[in-house]
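The file structure.txt comes next; it holds compact mmCIF, C-alpha atoms.
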# COMPACT_ATOMS: atom_id res chain seq x y z
CA MET P 1 0.00 0.00 0.00
CA ASN P 2 2.80 2.38 1.05
CA LYS P 3 4.73 1.43 -2.07
CA ARG P 4 1.72 2.31 -4.23
CA MET P 5 1.25 5.67 -2.49
CA ASN P 6 4.95 6.48 -2.89
CA SER P 7 4.72 5.65 -6.57
CA MET P 8 1.69 7.97 -6.97
CA THR P 9 3.50 10.78 -5.12
CA ASN P 10 6.52 10.38 -7.36
CA ARG P 11 4.34 10.50 -10.45
CA SER P 12 2.65 13.64 -9.16
CA ARG P 13 6.03 15.30 -8.51
CA LEU P 14 7.23 14.26 -11.94
CA ALA P 15 4.14 15.81 -13.50
CA GLN P 16 4.72 19.03 -11.57
CA LEU P 17 8.35 19.11 -12.64
CA SER P 18 7.35 18.52 -16.27
CA CYS P 19 4.92 21.40 -16.09
CA LEU P 20 7.55 23.67 -14.61
CA LEU P 21 10.03 22.62 -17.28
CA LEU P 22 7.47 23.25 -20.03
CA VAL P 23 6.68 26.71 -18.66
CA ALA P 24 10.40 27.51 -18.44
CA ILE P 25 10.99 26.41 -22.06
CA LEU P 26 8.00 28.38 -23.34
CA SER P 27 9.11 31.47 -21.40
CA ALA P 28 12.60 31.19 -22.84
CA LEU P 29 11.22 30.85 -26.34
CA ALA P 30 8.91 33.82 -25.87
CA THR P 31 11.78 35.94 -24.57
CA ALA P 32 14.00 34.91 -27.44
CA GLN P 33 11.37 35.94 -29.96
CA ALA P 34 10.25 39.12 -28.24
CA ARG P 35 12.87 41.30 -29.82
CA PRO P 36 13.91 41.27 -33.44
CA LYS P 37 17.44 40.19 -34.02
CA SER P 38 19.97 42.26 -35.83
CA THR P 39 21.02 40.92 -39.20
CA LEU P 40 24.55 42.03 -38.48
CA ASN P 41 27.31 39.82 -39.77
CA HIS P 42 29.36 39.19 -36.63
CA ARG P 43 32.43 38.13 -38.57
CA HIS P 44 33.02 41.75 -39.50
CA LEU P 45 31.99 43.34 -36.23
CA PRO P 46 34.55 45.96 -35.20
CA HIS P 47 35.35 46.68 -31.60
CA ILE P 48 32.92 49.32 -30.43
CA PRO P 49 33.38 50.83 -26.96
CA PHE P 50 30.37 50.86 -24.67
CA ALA P 51 30.64 54.58 -23.98
CA ARG P 52 32.59 57.47 -25.35
CA ALA P 53 31.84 61.13 -24.84
CA ALA P 54 30.80 63.11 -27.87
CA SER P 55 32.56 66.41 -28.41
CA ALA P 56 30.83 69.58 -27.26
CA PRO P 57 28.07 70.66 -29.65
CA TRP P 58 28.53 73.79 -31.72
CA VAL P 59 26.94 75.45 -34.73
CA ALA P 60 28.39 78.40 -36.61
CA PRO P 61 26.17 81.48 -36.04
CA ARG P 62 25.79 82.12 -39.77
CA VAL P 63 23.80 78.89 -40.20
CA GLN P 64 20.75 80.47 -38.61
CA THR P 65 20.55 83.29 -41.12
CA SER P 66 22.01 81.57 -44.16
CA GLU P 67 19.72 80.12 -46.80
CA ASP P 68 22.30 77.59 -47.92
CA GLN P 69 21.36 73.97 -48.14
CA LEU P 70 22.49 71.92 -45.13
CA VAL P 71 23.42 68.26 -45.17
CA TYR P 72 23.26 66.28 -41.92
CA VAL P 73 25.31 63.14 -41.43
CA THR P 74 24.68 61.17 -38.25
CA TYR P 75 27.10 58.60 -36.86
CA VAL P 76 27.99 56.20 -34.06
CA LEU P 77 30.83 56.87 -31.61
CA SER P 78 30.12 54.04 -29.19
CA LEU P 79 27.25 51.76 -28.27
CA THR P 80 25.69 54.57 -26.26
CA SER P 81 26.83 57.75 -27.96
CA GLY P 82 26.83 59.36 -31.34
CA GLY P 83 26.70 62.68 -33.07
CA THR P 84 25.61 64.55 -36.13
CA ASN P 85 27.75 66.65 -38.47
CA ILE P 86 26.22 69.65 -40.20
CA TYR P 87 27.64 70.61 -43.59
CA ASP P 88 26.85 73.90 -45.29
CA ILE P 89 26.62 73.37 -49.04
CA ALA P 90 28.01 76.80 -49.75
CA PRO P 91 28.84 78.08 -53.26
CA GLY P 92 32.54 77.68 -52.42
CA GLY P 93 32.07 74.02 -51.51
CA PRO P 94 30.80 71.98 -48.56
CA GLU P 95 31.99 73.10 -45.16
CA LEU P 96 31.53 71.61 -41.69
CA VAL P 97 29.54 74.25 -39.81
CA GLY P 98 28.39 72.38 -36.75
CA VAL P 99 28.28 69.25 -34.67
CA LEU P 100 25.41 67.97 -32.55
CA ASP P 101 26.21 65.69 -29.63
CA VAL P 102 23.16 63.55 -30.31
CA GLY P 103 22.68 61.14 -33.19
CA GLY P 104 23.76 57.84 -34.59
CA GLY P 105 20.68 55.99 -33.42
CA GLY P 106 19.15 55.87 -36.86
CA PRO P 107 18.44 58.18 -39.72
CA VAL P 108 17.93 61.93 -39.87
CA ALA P 109 14.65 63.64 -40.73
CA VAL P 110 13.93 67.29 -41.50
CA ASP P 111 10.49 68.90 -41.29
CA SER P 112 8.98 71.76 -43.25
CA GLN P 113 10.30 74.32 -40.72
CA GLU P 114 13.83 72.97 -41.23
CA ASN P 115 13.93 71.46 -37.75
CA VAL P 116 16.12 68.39 -37.75
CA TYR P 117 15.21 65.17 -35.91
CA VAL P 118 17.87 62.75 -34.72
CA ILE P 119 17.89 59.64 -32.53
CA GLN P 120 20.45 59.07 -29.83
CA THR P 121 22.61 55.96 -30.19
CA ASN P 122 21.61 53.15 -27.85
CA LEU P 123 22.88 49.93 -29.38
CA ASP P 124 23.24 46.47 -27.93
CA GLY P 125 26.19 44.19 -28.70
CA ASN P 126 24.53 43.09 -31.94
CA LEU P 127 24.13 46.73 -33.02
CA TYR P 128 20.39 46.55 -32.51
CA GLN P 129 19.05 49.97 -31.60
CA LEU P 130 17.32 49.70 -28.24
CA ASP P 131 15.44 52.74 -26.96
CA ALA P 132 14.88 55.47 -29.52
CA ALA P 133 15.16 58.86 -27.87
CA VAL P 134 14.17 61.38 -30.51
CA TYR P 135 15.55 64.93 -30.34
CA ARG P 136 14.56 67.97 -32.38
CA TYR P 137 16.92 70.84 -33.17
CA ALA P 138 15.94 74.13 -34.74
CA ARG P 139 18.06 75.11 -37.74
CA GLY P 140 21.27 76.65 -36.49
CA SER P 141 20.80 75.57 -32.88
CA SER P 142 23.12 73.28 -30.94
CA GLU P 143 20.55 72.76 -28.19
CA GLY P 144 18.01 70.08 -28.86
CA THR P 145 14.70 69.18 -27.28
CA LYS P 146 13.96 65.60 -26.40
CA LEU P 147 10.54 64.85 -27.87
CA PHE P 148 9.92 61.32 -26.71
CA ASP P 149 11.56 57.99 -26.04
CA ALA P 150 10.33 54.87 -27.78
CA PRO P 151 11.63 51.93 -25.75
CA ASN P 152 12.93 48.85 -27.55
CA ILE P 153 11.63 49.97 -30.91
CA GLY P 154 14.78 49.21 -32.89
CA ALA P 155 14.49 52.35 -34.97
CA GLU P 156 15.72 51.79 -38.51
CA ALA P 157 14.12 54.61 -40.44
CA MET P 158 12.37 57.85 -39.61
CA THR P 159 10.49 60.50 -41.49
CA VAL P 160 8.47 63.56 -40.55
CA ALA P 161 5.26 64.42 -42.35
CA ALA P 162 4.39 67.97 -43.30
CA ASP P 163 2.10 68.19 -40.22
CA GLY P 164 4.98 67.30 -37.91
CA THR P 165 3.98 63.72 -37.31
CA VAL P 166 7.04 61.54 -36.78
CA TYR P 167 7.04 58.07 -38.25
CA ILE P 168 9.62 55.57 -37.07
CA ALA P 169 10.14 52.24 -38.71
CA ARG P 170 11.45 49.26 -36.86
CA PRO P 171 12.52 45.71 -37.66
CA GLY P 172 9.68 43.22 -37.53
CA THR P 173 9.94 39.81 -36.00
CA GLY P 174 7.80 37.58 -38.16
CA PHE P 175 9.21 38.61 -41.48
CA GLU P 176 12.72 38.58 -40.22
CA ARG P 177 12.38 34.97 -39.22
CA LEU P 178 10.99 34.11 -42.61
CA CYS P 179 13.34 35.98 -44.82
CA GLY P 180 16.39 36.63 -42.68
CA ARG P 181 16.18 40.32 -43.23
CA GLU P 182 14.75 43.20 -41.34
CA VAL P 183 11.28 44.31 -42.16
CA LEU P 184 9.90 47.42 -40.68
CA ALA P 185 6.69 48.36 -39.08
CA ALA P 186 5.92 51.91 -38.19
CA ARG P 187 4.77 53.79 -35.15
CA LEU P 188 3.17 57.13 -35.04
CA PHE P 189 3.96 60.14 -32.89
CA ARG P 190 1.78 63.19 -32.86
CA PRO P 191 3.42 66.62 -32.75
CA GLY P 192 3.45 68.02 -29.24
CA SER P 193 2.95 64.64 -27.68
CA SER P 194 5.58 63.58 -25.20
CA ARG P 195 4.74 59.92 -25.35
CA ARG P 196 4.18 57.27 -27.90
CA LEU P 197 0.62 56.90 -29.01
CA GLY P 198 1.08 53.20 -29.40
CA ARG P 199 -0.62 53.06 -32.74
CA ARG P 200 1.12 50.52 -34.83
CA LEU P 201 0.78 50.47 -38.55
CA PRO P 202 0.68 47.10 -40.26
CA ASP P 203 4.04 45.45 -40.77
CA ARG P 204 5.78 46.38 -43.96
CA HIS P 205 8.68 48.57 -44.97
CA LEU P 206 12.20 47.40 -45.09
CA ALA P 207 15.41 49.19 -44.72
CA ARG P 208 18.52 47.22 -44.25
CA SER P 209 19.69 44.14 -46.03
CA GLU P 210 23.16 44.15 -44.57
CA TRP P 211 25.32 46.13 -42.20
CA MET J 212 5.47 54.12 -48.43
CA GLY J 213 8.03 51.39 -47.94
CA TRP J 214 9.83 48.60 -49.60
CA PHE J 215 10.96 45.11 -48.85
CA VAL J 216 12.76 42.09 -50.14
CA SER J 217 11.84 38.57 -49.14
CA ASP J 218 12.35 34.96 -49.93
CA ASN J 219 9.72 32.82 -51.59
CA ASN J 220 6.67 31.85 -49.56
CA TYR J 221 6.45 35.31 -48.16
CA PRO J 222 3.08 35.63 -46.43
CA TYR J 223 2.21 38.84 -48.25
CA GLY J 224 3.15 37.51 -51.66
CA PRO J 225 6.37 36.83 -53.50
CA CYS J 226 8.89 39.61 -53.55
CA VAL J 227 12.21 38.02 -54.35
CA SER J 228 14.09 41.03 -55.66
CA GLY J 229 12.31 44.09 -54.32
CA CYS J 230 8.81 45.51 -54.05
CA ILE J 231 7.51 48.93 -53.11
CA THR J 232 4.42 48.97 -50.97
CA GLU J 233 2.14 51.75 -49.92
CA LEU J 234 -0.22 52.33 -47.01
CA PRO J 235 -2.89 54.70 -48.33
CA ALA J 236 -3.89 57.44 -45.91
CA GLY J 237 -6.58 56.32 -43.50
CA GLN J 238 -6.30 52.67 -44.47
CA SER J 239 -4.86 49.73 -42.60
CA LYS J 240 -3.69 47.50 -45.42
CA TRP J 241 -0.47 47.84 -47.34
CA GLN J 242 -0.78 47.64 -51.09
CA ILE J 243 1.82 46.60 -53.61
CA ARG J 244 2.73 49.71 -55.55
CA LEU J 245 5.58 48.19 -57.52
CA PRO J 246 5.58 44.41 -57.78
CA ASP J 247 8.50 42.05 -57.55
CA LEU J 248 11.40 42.75 -59.91
CA ALA J 249 10.22 46.25 -60.73
CA ALA J 250 12.30 47.56 -57.83
CA ASN J 251 15.11 45.06 -58.23
CA SER J 252 17.93 45.57 -55.69
CA ILE J 253 16.34 48.67 -54.20
CA GLY J 254 18.68 50.16 -51.64
CA ALA J 255 17.17 53.47 -50.57
CA GLY J 256 14.06 55.54 -51.02
CA PRO J 257 11.42 55.56 -52.30
CA PHE J 258 10.39 59.19 -52.50
CA VAL J 259 6.94 59.99 -53.80
CA THR J 260 6.87 63.21 -55.81
CA THR J 261 4.01 65.63 -56.28
CA ASP J 262 3.07 63.93 -59.56
CA ASP J 263 2.98 60.57 -57.74
CA SER J 264 6.14 59.25 -59.34
CA LEU J 265 8.49 57.07 -57.31
CA LEU J 266 12.20 57.85 -57.04
CA PHE J 267 14.56 55.29 -55.59
CA TRP J 268 18.14 54.09 -55.62
CA THR J 269 18.97 50.58 -56.71
CA ALA J 270 22.47 49.39 -55.96
CA LEU J 271 24.82 46.46 -55.88
CA SER J 272 28.24 47.48 -54.64
CA GLY J 273 30.82 47.29 -57.42
CA ARG J 274 28.16 46.30 -59.99
CA PHE J 275 25.70 49.16 -60.43
CA ASN J 276 24.11 52.28 -58.97
CA TYR J 277 20.91 53.56 -60.55
CA ILE J 278 18.46 56.30 -59.67
CA GLU J 279 15.14 55.15 -61.04
CA THR J 280 12.00 57.17 -61.72
CA VAL J 281 8.76 55.24 -62.07
CA PRO J 282 5.72 57.31 -63.03
CA ALA J 283 2.33 56.78 -61.41
CA GLY J 284 0.46 53.80 -62.78
CA ARG J 285 3.51 52.18 -64.32
CA HIS J 286 5.65 49.28 -63.21
CA TYR J 287 8.78 50.19 -65.11
CA PRO J 288 10.98 53.26 -64.99
CA ALA J 289 10.59 56.21 -67.30
CA ARG J 290 14.08 57.32 -66.38
CA VAL J 291 17.20 55.56 -65.15
CA ASN J 292 20.22 57.62 -64.12
CA GLN J 293 23.26 55.41 -64.22
CA LEU J 294 25.96 56.30 -61.70
CA SER J 295 29.38 54.74 -61.32
CA PRO J 296 29.20 51.26 -59.77
CA ASN J 297 32.23 52.15 -57.67
CA LEU J 298 30.81 55.05 -55.67
CA PHE J 299 30.84 53.00 -52.48
CA THR J 300 33.20 50.08 -52.72
CA THR J 301 32.89 49.18 -49.04
CA GLY J 302 29.30 48.04 -49.46
CA GLY J 303 27.04 49.21 -46.66
CA ASN J 304 23.44 50.26 -46.70
CA PRO J 305 22.61 53.04 -49.13
CA SER J 306 21.02 56.10 -47.58
CA LEU J 307 19.39 58.86 -49.55
CA ALA J 308 17.95 62.34 -49.00
CA LEU J 309 16.14 64.53 -51.52
CA SER J 310 16.50 68.30 -51.47
CA GLY J 311 13.51 70.56 -50.89
CA ASP J 312 13.03 71.48 -54.54
CA GLY J 313 13.59 67.91 -55.68
CA SER J 314 16.61 68.88 -57.75
CA GLU J 315 19.35 67.07 -55.88
CA PHE J 316 19.90 63.73 -54.18
CA TRP J 317 22.36 63.31 -51.33
CA MET J 318 23.77 59.82 -51.11
CA THR J 319 26.02 57.92 -48.74
CA VAL J 320 26.22 54.51 -47.13
CA THR J 321 25.59 53.55 -43.53
CA GLY J 322 26.49 50.78 -41.13
CA LEU J 323 29.75 48.89 -41.20
CA GLY J 324 30.24 49.87 -44.85
CA GLY J 325 30.19 53.55 -43.91
CA PRO J 326 33.28 54.17 -41.76
CA LEU J 327 35.26 57.36 -41.21
CA GLY J 328 36.21 58.84 -44.58
CA THR J 329 33.10 57.65 -46.41
CA SER J 330 32.03 59.95 -49.24
CA VAL J 331 28.81 61.88 -49.57
CA TYR J 332 27.63 62.65 -53.11
CA GLY J 333 25.27 65.36 -54.24
CA VAL J 334 23.65 64.16 -57.47
CA ASN J 335 21.64 66.47 -59.68
CA TYR J 336 18.15 65.31 -60.53
CA PRO J 337 16.95 64.62 -63.15
CA GLY J 338 20.34 65.07 -64.79
CA GLY J 339 22.11 62.36 -62.80
CA ASP J 340 25.53 64.03 -62.73
CA ILE J 341 27.51 64.31 -59.50
CA ALA J 342 27.61 67.98 -58.54
CA THR J 343 29.20 67.78 -55.09
CA THR J 344 31.42 65.34 -53.26
CA PHE J 345 32.89 65.47 -49.79
CA ALA J 346 34.24 62.98 -47.27
CA VAL J 347 32.96 62.56 -43.74
CA ASP J 348 36.37 62.76 -42.11
CA SER J 349 35.53 63.90 -38.60
CA PRO J 350 35.38 63.28 -35.73
CA ASP J 351 38.40 60.99 -35.61
CA ASP J 352 36.57 58.48 -33.42
CA LEU J 353 33.59 58.13 -35.78
CA ILE J 354 32.89 54.40 -36.11
CA PHE J 355 30.28 54.41 -38.84
CA ILE J 356 27.63 56.58 -40.42
CA MET J 357 23.98 55.91 -39.60
CA GLY J 358 22.03 58.31 -41.75
CA ILE J 359 21.87 61.37 -43.97
CA GLY J 360 19.41 64.25 -44.22
CA VAL J 361 19.13 67.48 -46.13
CA SER J 362 17.59 70.80 -45.18
CA PRO J 363 15.32 71.95 -46.67
CA SER J 364 13.99 68.49 -47.34
CA TYR J 365 11.56 67.34 -50.00
CA LEU J 366 8.03 67.25 -48.64
CA PRO J 367 5.47 66.71 -51.41

Same coordinates, now as structure tokens:
Amino acid sequence: MNKRMNSMTNRSRLAQLSCLLLVAILSALATAQARPKSTLNHRHLPHIPFARAASAPWVAPRVQTSEDQLVYVTYVLSLTSGGTNIYDIAPGGPELVGVLDVGGGGPVAVDSQENVYVIQTNLDGNLYQLDAAVYRYARGSSEGTKLFDAPNIGAEAMTVAADGTVYIARPGTGFERLCGREVLAARLFRPGSSRRLGRRLPDRHLARSEW
Amino acid sequence: MGWFVSDNNYPYGPCVSGCITELPAGQSKWQIRLPDLAANSIGAGPFVTTDDSLLFWTALSGRFNYIETVPAGRHYPARVNQLSPNLFTTGGNPSLALSGDGSEFWMTVTGLGGPLGTSVYGVNYPGGDIATTFAVDSPDDLIFIMGIGVSPSYLP
């Protein structure tokens, strides 16, 4: 009788352990799939420091009054810092006329008022952009305003509509698994809003096929 | 407006070499604007112009660089500007900006193919000739470029 009861207890424990194991496996799988993976080719990954201070921001005073075309180039300095160069396309040739200490976290967008929008670098070890903190700078200004922070969005592309709405594209998970490349969805930010609206447009868009 | 490349058996339809899709205002379903092959090897763009044409850059490093113009309602380009295939020999992801009056593209490459010293090209449109070139040679600790923009920017 005791033997039989012991056997039943063991079976019950085994069933409990199996359940726990199943839950653990499912949780691990869910976590693994929660965030899109970078398509970075690790064989060519350079050493990138975790942090490195960007140089002090500056913009030549003449940029504010000039009507010259400006070209912005944004870049990575470390996994957590970046910057943006401002080039004046002057008649005498392009000239570096400013540096912003924010950038590198994705593309650059410019609105109809010539405000520039940049995203601060916040990369993980696979060069996947984590939180997307979006800053806006008026033309000629070296002081930006942080508009909002989109956590774990993996920003890959950004554009600003004529009404000031900011669209950010991010890698998608489902398509990436299928095709091994990053496919973008989009999220919408309303001008003046300090937080993400959470409206997600249907998956589509693609930006990067390689790093 | 967006674009994508996929393998076969893609759930939204085959798009082996490059499609351009569009989400019409107020709708929730993407539509194929340019079907597979029509945007072969698309690398950057598309821009939609005021006459509803599509402008985009197709590229394969060391092989070709084209700026293509596809008018509304057509699946093939009305204009192809052929640029040197060796503009960006390090590969990388093409990145493109269009000037406010739509007369000039600014091109560079991003990611690991866009290290310190990478060139930026200003390309006249629709002419297709390179009007301006400069190198991104500062700061010294720049690791790679992530994007390009132009001000004023094209907003149809």

Give me, as a PDB file with C-alpha atoms, in the frame of the given file, the residues of chain P touching chain J, with the criterion being at most 6 Å (counting only C-alpha atoms).
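Result file selection.pdb:
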ATOM      1  CA  GLN P  69      21.360  73.970 -48.140  1.00  0.00           C
ATOM      2  CA  LEU P  70      22.490  71.920 -45.130  1.00  0.00           C
ATOM      3  CA  VAL P  71      23.420  68.260 -45.170  1.00  0.00           C
ATOM      4  CA  TYR P  72      23.260  66.280 -41.920  1.00  0.00           C
ATOM      5  CA  VAL P  73      25.310  63.140 -41.430  1.00  0.00           C
ATOM      6  CA  THR P  74      24.680  61.170 -38.250  1.00  0.00           C
ATOM      7  CA  TYR P  75      27.100  58.600 -36.860  1.00  0.00           C
ATOM      8  CA  VAL P  76      27.990  56.200 -34.060  1.00  0.00           C
ATOM      9  CA  LEU P  77      30.830  56.870 -31.610  1.00  0.00           C
ATOM     10  CA  GLY P 104      23.760  57.840 -34.590  1.00  0.00           C
ATOM     11  CA  GLY P 106      19.150  55.870 -36.860  1.00  0.00           C
ATOM     12  CA  PRO P 107      18.440  58.180 -39.720  1.00  0.00           C
ATOM     13  CA  VAL P 108      17.930  61.930 -39.870  1.00  0.00           C
ATOM     14  CA  ALA P 109      14.650  63.640 -40.730  1.00  0.00           C
ATOM     15  CA  VAL P 110      13.930  67.290 -41.500  1.00  0.00           C
ATOM     16  CA  GLU P 114      13.830  72.970 -41.230  1.00  0.00           C
ATOM     17  CA  CYS P 179      13.340  35.980 -44.820  1.00  0.00           C
ATOM     18  CA  HIS P 205       8.680  48.570 -44.970  1.00  0.00           C
ATOM     19  CA  LEU P 206      12.200  47.400 -45.090  1.00  0.00           C
ATOM     20  CA  TRP P 211      25.320  46.130 -42.200  1.00  0.00           C
TER      21      TRP P 211
END

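Distance-wise, CA of Phe275 (chain J) and CA of Gly338 (chain J) end up 17.3 Å apart.
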
Neighbour list for region 150-161 of chain P as an MDAnalysis selection string, cut-off 6 Å, only C-alpha atoms, skip fewer than 6 positions in-chain: chainID P and resid 106:107 109 111 129:132 167:170

Could you dump the residues just selected with C-alpha atoms as an mmCIF file, in the coordinates of the input?
data_model
loop_
_atom_site.group_PDB
_atom_site.id
_atom_site.type_symbol
_atom_site.label_atom_id
_atom_site.label_comp_id
_atom_site.auth_asym_id
_atom_site.auth_seq_id
_atom_site.Cartn_x
_atom_site.Cartn_y
_atom_site.Cartn_z
ATOM 1 C CA GLY P 106 19.150 55.870 -36.860
ATOM 2 C CA PRO P 107 18.440 58.180 -39.720
ATOM 3 C CA ALA P 109 14.650 63.640 -40.730
ATOM 4 C CA ASP P 111 10.490 68.900 -41.290
ATOM 5 C CA GLN P 129 19.050 49.970 -31.600
ATOM 6 C CA LEU P 130 17.320 49.700 -28.240
ATOM 7 C CA ASP P 131 15.440 52.740 -26.960
ATOM 8 C CA ALA P 132 14.880 55.470 -29.520
ATOM 9 C CA TYR P 167 7.040 58.070 -38.250
ATOM 10 C CA ILE P 168 9.620 55.570 -37.070
ATOM 11 C CA ALA P 169 10.140 52.240 -38.710
ATOM 12 C CA ARG P 170 11.450 49.260 -36.860
#

Val134 (chain P) environment, 10 Å, only C-alpha atoms, sequence neighbours closer than 6 positions dropped, as a ChimeraX atom specification: /P:102-103,105-106,117-120,144-150,158,166,168

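For the choices P:Asn85, P:Arg139, P:Asn126, P:Asn115, the atom-to-atom distance to Ser66 (chain P) is smallest for P:Arg139 when using only C-alpha atoms.
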
d(CA of Asn335 (chain J), CA of Ala90 (chain P)) in Å: 15.7 Å

Selection: 10 Å around Pro49 (chain P), all atoms listed in the file, excl. self and same-chain fewer than 2 positions, as a VMD selection string: (chain P and resid 46 to 47 51 to 52 77 to 81 125) or (chain J and resid 354)

Given 4 Å of margin on each side, can you work out the centre and size in Å (one decimal) of an axis-aligned box holding every listed atom of region 54-66 of chain P, as AutoDock Vina command-line options?
--center_x 26.6 --center_y 73.2 --center_z -35.7 --size_x 20.0 --size_y 28.2 --size_z 24.9

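Take CA of Ala283 (chain J) and CA of Asp263 (chain J): the distance between them is 5.3 Å.
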
Save region 349-356 of chain J to disk from that block, all heavy atoms included, as a CSV table (one decimal), in the first residue's frame.
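Below is the file out.csv, written as the result:
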chain,number,residue,atom,x,y,z
J,349,SER,N,35.5,63.5,-40.0
J,349,SER,CA,35.5,63.9,-38.6
J,349,SER,C,34.2,63.5,-37.9
J,349,SER,O,33.2,63.4,-38.6
J,349,SER,CB,35.8,65.4,-38.4
J,349,SER,OG,34.6,66.1,-38.8
J,350,PRO,N,34.2,63.3,-36.6
J,350,PRO,CA,35.4,63.3,-35.7
J,350,PRO,C,36.3,62.0,-35.9
J,350,PRO,O,35.8,61.1,-36.6
J,350,PRO,CB,34.7,63.2,-34.3
J,350,PRO,CG,33.4,62.5,-34.6
J,350,PRO,CD,33.0,62.9,-35.9
J,351,ASP,N,37.5,62.1,-35.4
J,351,ASP,CA,38.4,61.0,-35.6
J,351,ASP,C,37.9,59.7,-35.1
J,351,ASP,O,38.3,58.6,-35.5
J,351,ASP,CB,39.7,61.3,-34.9
J,351,ASP,CG,40.5,62.5,-35.6
J,351,ASP,OD1,40.1,62.8,-36.8
J,351,ASP,OD2,41.3,63.1,-35.0
J,352,ASP,N,37.0,59.7,-34.0
J,352,ASP,CA,36.6,58.5,-33.4
J,352,ASP,C,35.2,58.0,-34.0
J,352,ASP,O,34.6,57.2,-33.4
J,352,ASP,CB,36.5,58.6,-31.9
J,352,ASP,CG,35.8,59.9,-31.4
J,352,ASP,OD1,35.3,60.6,-32.3
J,352,ASP,OD2,35.6,60.1,-30.2
J,353,LEU,N,34.8,58.6,-35.1
J,353,LEU,CA,33.6,58.1,-35.8
J,353,LEU,C,33.7,56.7,-36.2
J,353,LEU,O,34.8,56.3,-36.8
J,353,LEU,CB,33.3,59.0,-37.0
J,353,LEU,CG,32.1,58.7,-37.9
J,353,LEU,CD1,31.7,60.0,-38.6
J,353,LEU,CD2,32.3,57.6,-38.9
J,354,ILE,N,32.8,55.8,-35.8
J,354,ILE,CA,32.9,54.4,-36.1
J,354,ILE,C,32.2,54.1,-37.4
J,354,ILE,O,32.8,53.5,-38.3
J,354,ILE,CB,32.3,53.6,-34.9
J,354,ILE,CG1,33.2,53.8,-33.7
J,354,ILE,CG2,32.3,52.1,-35.3
J,354,ILE,CD1,32.8,53.1,-32.5
J,355,PHE,N,30.9,54.5,-37.5
J,355,PHE,CA,30.3,54.4,-38.8
J,355,PHE,C,29.1,55.4,-38.9
J,355,PHE,O,28.5,55.8,-37.9
J,355,PHE,CB,29.9,53.0,-39.2
J,355,PHE,CG,29.0,52.3,-38.2
J,355,PHE,CD1,27.7,52.5,-38.0
J,355,PHE,CD2,29.6,51.3,-37.4
J,355,PHE,CE1,26.9,51.9,-37.1
J,355,PHE,CE2,28.8,50.6,-36.5
J,355,PHE,CZ,27.5,50.9,-36.3
J,356,ILE,N,28.7,55.7,-40.1
J,356,ILE,CA,27.6,56.6,-40.4
J,356,ILE,C,26.3,55.8,-40.3
J,356,ILE,O,26.2,54.6,-40.6
J,356,ILE,CB,27.8,57.1,-41.9
J,356,ILE,CG1,29.0,58.0,-41.9
J,356,ILE,CG2,26.5,57.9,-42.3
J,356,ILE,CD1,29.3,58.5,-43.4
